[in-house]
Every structure is written in C-alpha cells, then in structure tokens.
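In what follows, a structure is listed as structure tokens, so that the remarks can point back to it.
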Amino acid sequence: MNLLFLARMALVFVLVLGRAPTQAQSPTEPLRVAFVYVSPIGQAGWTFEHERARRYLDAALGKKVRTSFVEAVHEGADAERVMRDLAQQGNQLVFATSFGYEVAVTRVAASEPTVRFEHAGGYRTAPNLGTYDVRLYEARWLAGYLSGRVSRSGQAGYVAGYPVPEVIQGINAFTLGMRAANPRATVRVIWLNSWFDPALERDAALTLVNGGADVLTHHSGSTAVLQLAEEKGVRAVAYQSDMSAFAPRAQLAAVTADWSNYYLQVAKSVIDGTWLPRADVGGMKDGMVRLAAVDPKVGPDLVRELARREAELVAGRDGPFFGRLVDQSGRVRQQSGVMPDSELRTVNWFVEGVQGSLPAH
C-alpha cells in the first residue's frame, strides 16, 4: 500500500468517527441550522419557546446563520425521515427538541457523521451528537410551594404527557414543594400519553377539578389546562410560557425555560470549530429556568418567601431533592445529601404525596 492510499484511508476513518464536525465553518457561507418540533408552534408552550429561541439565534447572528424548522413531527419513523432529509438538504446543525426523538436522532447521527446533532432531554451522546436539558424541577419545586400556600383543599392536579424521567422529576419536585407548605397536601396525576392534545388535556384537567383539585399544573404542550382552570375558577401554574393572556384570573405563575442563549452558544461553537458532543444541563443559576409571572395578588409576604427560597436554591443550599426522600410506598430512597443529575435522569418512582401510578416496566 502506498502513502496516498494510507492517507485516504485515514481520512475515511476520521469521517466515520465523526471528527470532521469539529472543523470551523467556512467564513463565507452561513451555518445552516434546522429545528425539529414535536407539536405545532402555537402561541405558547414547549414548541413556542424553542421557536422563540430560534428567532433569537437568527437575530443575534444575522447573515452568519440560516435557520429553518419543521413543526408537528411525530416521534418515531416520521422523525427519522425528517431529520435525514434535513441532513441531506445541507443543514450542518440539527436540534431535535423532544425527548421522544432519541432513537431517530441517534440513528440519523450515526449515518450522517459530518452533521452535528443536539437532542433536548436526551442522555445518549456520540461523536456528532450532544444532549441538552434544563432543571425545570427547580422552578417546579417553587411552584409547588406557591400552590401549597394558596390551595384551600390541599389537593393539586397534574396533567402529564409521558412517564419519562423529566416528567417524573417535575411531578416529584412540585409535590415536595407543595408539602413543604402543607405537609398533608396531595398531587393527583393523570397521564395523557401525548405531548400535545388540547382536547385530551382539557378532559384530564376537568377530571382533576371534579375530583377536588383547586390548583392545576401540567407537562403538556398547549394552553388547554390553563383555559380550563380559568373557566372553572381554580388556580393553575403554566408550563414553559407565561399563559396569563389565556387565563388572566387563574394563572398563579409560570414554570419557564429560556433556550435562547444555549442555541446561540452552540451555533457559535460550530462556526468557530470548537463544538464538542457534551451533555449540558442548565438551571436557575444559569438563567435558563425561572418561576415567572407570579401573580402579585398572592401578597408581598409570599412573594418575598418565594424569592428567599429561590436564592437558597441558586446558592446550592436548598432544593427539591435535598435530604431525606421517601417514595409513595414508604420506602426511603435517600437519607441525606443531594440527588445528583445522574440519578434524576433515570428516576422511575413517585415521592410520598403523589396520587397516581407509573406503568409497569
């Protein structure tokens, strides 16, 4: 074998391993970035906030990027087809913005080694596949405390998409926060087995209200839960977006995530050739998570108490998964310390106070 052949084989080996994505972007061509959304963009919610961040990226980098999106992409074969098409159309960076895209994005990344992929909520990385997430459970904990202070019945209702760790984290954190305010409080969970189904979300919320819940929250993609709360005269905590425009009397606060700066930094790293397949997690300390739009009618004392608890959380002195944790069966899951992200990413049990069950594995 001559030296030219060996050099060519070495290049093929580098491409297969996915090292090529670390090369700097051409200064004369815009970086092509695509976003894959699991639901319609709508006017609020999960996808709306990712779209807001995409627009921020466009505005911040101007002619250095050219972004696009595909909305309402079902998880499974449809997602794989869309991502493969986006890669073959010349996109150099693809954001897969739903946990359920895991199989699809992993497969496409393996077959498109020169394209960089980022998977929201994921946990599998590869030479050209990174993951990113936010600690929404931090704001969920504060929202639970607020709800526990406001609720008269001591019962909250939680409309939940799928029983995956991110959702379970939120349910547990909300319950722990609520019981910090009222040790006898309970949180009833109804599963949707869907991320976005306004009619189903509304039906679940109505069932919870009819069952005695006077505070609602949700891990779902539409404004339906807040609108039902407005109609029925109960309070609600919005998810991802401030939804007070849809429920001006009902909304207590909103658990929100801001993806803008993350998308900007990832795009910049691809442009300058420093991108690496990391597993990034941000939270309140990083400005990525907030308990926003707190209703001032809850009173100044409660607003100050929320601010104090948030300051303790940001300083690392308190939080939802600190100290002794007991599950709904009475089993002690943690005696002391702080549960690390590595355990939270695989959590499959409910804390004491949750009314509901997880599917058998």
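Scheme for the structure tokens: letters A, B, ... for chains in order shown; per-chain residue numbers from 1; ligand numbers from 1 in order shown.
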Just want the 8 Å neighbourhood of segment 209-221 of chain A, counted on only C-alpha atoms, with same-chain residues fewer than 5 positions away dropped. Output as number ranges by chain. A: 39, 45-47, 147, 151-161, 167, 194-198, 201, 226, 229, 232, 234-239
Mind the document's chain letters and residue numbers, and return as a PyMOL selection string the residues of segment 135-186 of chain A that DSSP labels alpha helix (DSSP H). chain A and resi 136-150+165-181
Env of Phe99 of chain A: 9 Å cut, atoms = only C-alpha atoms, seq-sep filter 4 positions within chain, self excluded. Answer as a PyMOL selection string. chain A and resi 75+119-122+164+166
Taking 3 positions as the minimum chain separation for residues in the same chain, which residues sit within 8 Å of Ala96 of chain A when counting only C-alpha atoms? Answer as a PyMOL selection string. chain A and resi 35-37+101+105+117-120
Report as a compact mmCIF listing (two decimals) with N, CA and C atoms, in the first residue's frame all protein, DNA and RNA residues lying within 6 Å of segment 343-353 of chain A, evaluated on only C-alpha atoms, omitting residues in the same chain fewer than 3 positions from it.
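As a result, selection.txt now contains:
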```txt
# COMPACT_ATOMS: atom_id res chain seq x y z
N PRO A 165 -38.39 10.23 32.72
CA PRO A 165 -37.76 10.83 33.90
C PRO A 165 -37.96 12.32 34.04
N ASN A 172 -42.49 15.03 41.07
CA ASN A 172 -41.92 14.87 42.41
C ASN A 172 -41.54 16.21 43.03
N THR A 186 -51.66 16.71 48.65
CA THR A 186 -51.52 15.61 47.69
C THR A 186 -51.59 16.16 46.26
N VAL A 326 -38.69 10.04 50.62
CA VAL A 326 -39.49 8.82 50.80
C VAL A 326 -40.45 8.69 49.63
N ASP A 327 -40.56 7.47 49.10
CA ASP A 327 -41.47 7.29 47.97
C ASP A 327 -42.90 7.02 48.44
N GLN A 328 -43.83 6.91 47.50
CA GLN A 328 -45.24 6.81 47.86
C GLN A 328 -45.58 5.49 48.54
N PRO A 340 -28.04 13.47 42.68
CA PRO A 340 -27.33 14.02 41.52
C PRO A 340 -28.14 13.88 40.23
```
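Interatomic distance, atom CA of Ser241 of chain A against atom CA of Thr223 of chain A: 9.2 Å.
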Residues flagged strand (DSSP E or B) by DSSP in segment 34-86 of chain A, as a PyMOL selection string: chain A and resi 34-36+65-70
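Minimum distance to Ala250 of chain A across A:Lys268, A:Leu228, A:Arg309, A:Ala72 (counting only C-alpha atoms) occurs at A:Leu228.
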For segment 80-82 of chain A, please output as number ranges by chain all residues within 7 Å (counting only C-alpha atoms; exclusion window: fewer than 4 positions along the same chain). A: 76, 86, 104-105, 108
I need the chosen residues saved as a PDB file, in the first residue's frame, with N, CA and C atoms.
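Contents of the output file part05.pdb:
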```pdb
ATOM      1  N   GLY A  76     -40.733   8.827  16.206  1.00  0.00           N
ATOM      2  CA  GLY A  76     -40.695   7.527  15.528  1.00  0.00           C
ATOM      3  C   GLY A  76     -40.187   7.669  14.111  1.00  0.00           C
ATOM      4  N   LEU A  86     -33.320  16.663   6.448  1.00  0.00           N
ATOM      5  CA  LEU A  86     -32.668  17.918   6.812  1.00  0.00           C
ATOM      6  C   LEU A  86     -31.150  17.819   6.671  1.00  0.00           C
ATOM      7  N   ALA A 104     -34.589   8.145  16.786  1.00  0.00           N
ATOM      8  CA  ALA A 104     -34.443   8.737  15.455  1.00  0.00           C
ATOM      9  C   ALA A 104     -33.146   9.523  15.322  1.00  0.00           C
ATOM     10  N   VAL A 105     -32.856  10.394  16.286  1.00  0.00           N
ATOM     11  CA  VAL A 105     -31.676  11.235  16.161  1.00  0.00           C
ATOM     12  C   VAL A 105     -30.397  10.410  16.296  1.00  0.00           C
ATOM     13  N   VAL A 108     -29.903   8.707  12.827  1.00  0.00           N
ATOM     14  CA  VAL A 108     -29.517   9.635  11.764  1.00  0.00           C
ATOM     15  C   VAL A 108     -28.109  10.173  12.008  1.00  0.00           C
TER      16      VAL A 108
END
```
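The shell of residues at most 7 Å from segment 132-141 of chain A, with only C-alpha atoms counted and near chain neighbours (fewer than 4 positions) removed, consists of A:His119, A:Ala120, A:Gly121, A:Gly122, A:Tyr145, A:Gln169, A:Gly170, A:Ala173, A:Phe174, A:Leu176, A:Gly177, A:Val255, A:Ala279, A:Asp280, A:Val281, A:Gly282, A:Gly283, A:Met288, A:Val289, A:Arg290, A:Leu291, A:Gly319, A:Pro320.
Take atom CA of Arg124 of chain A and atom CA of Val266 of chain A: the distance between them is 17.5 Å.
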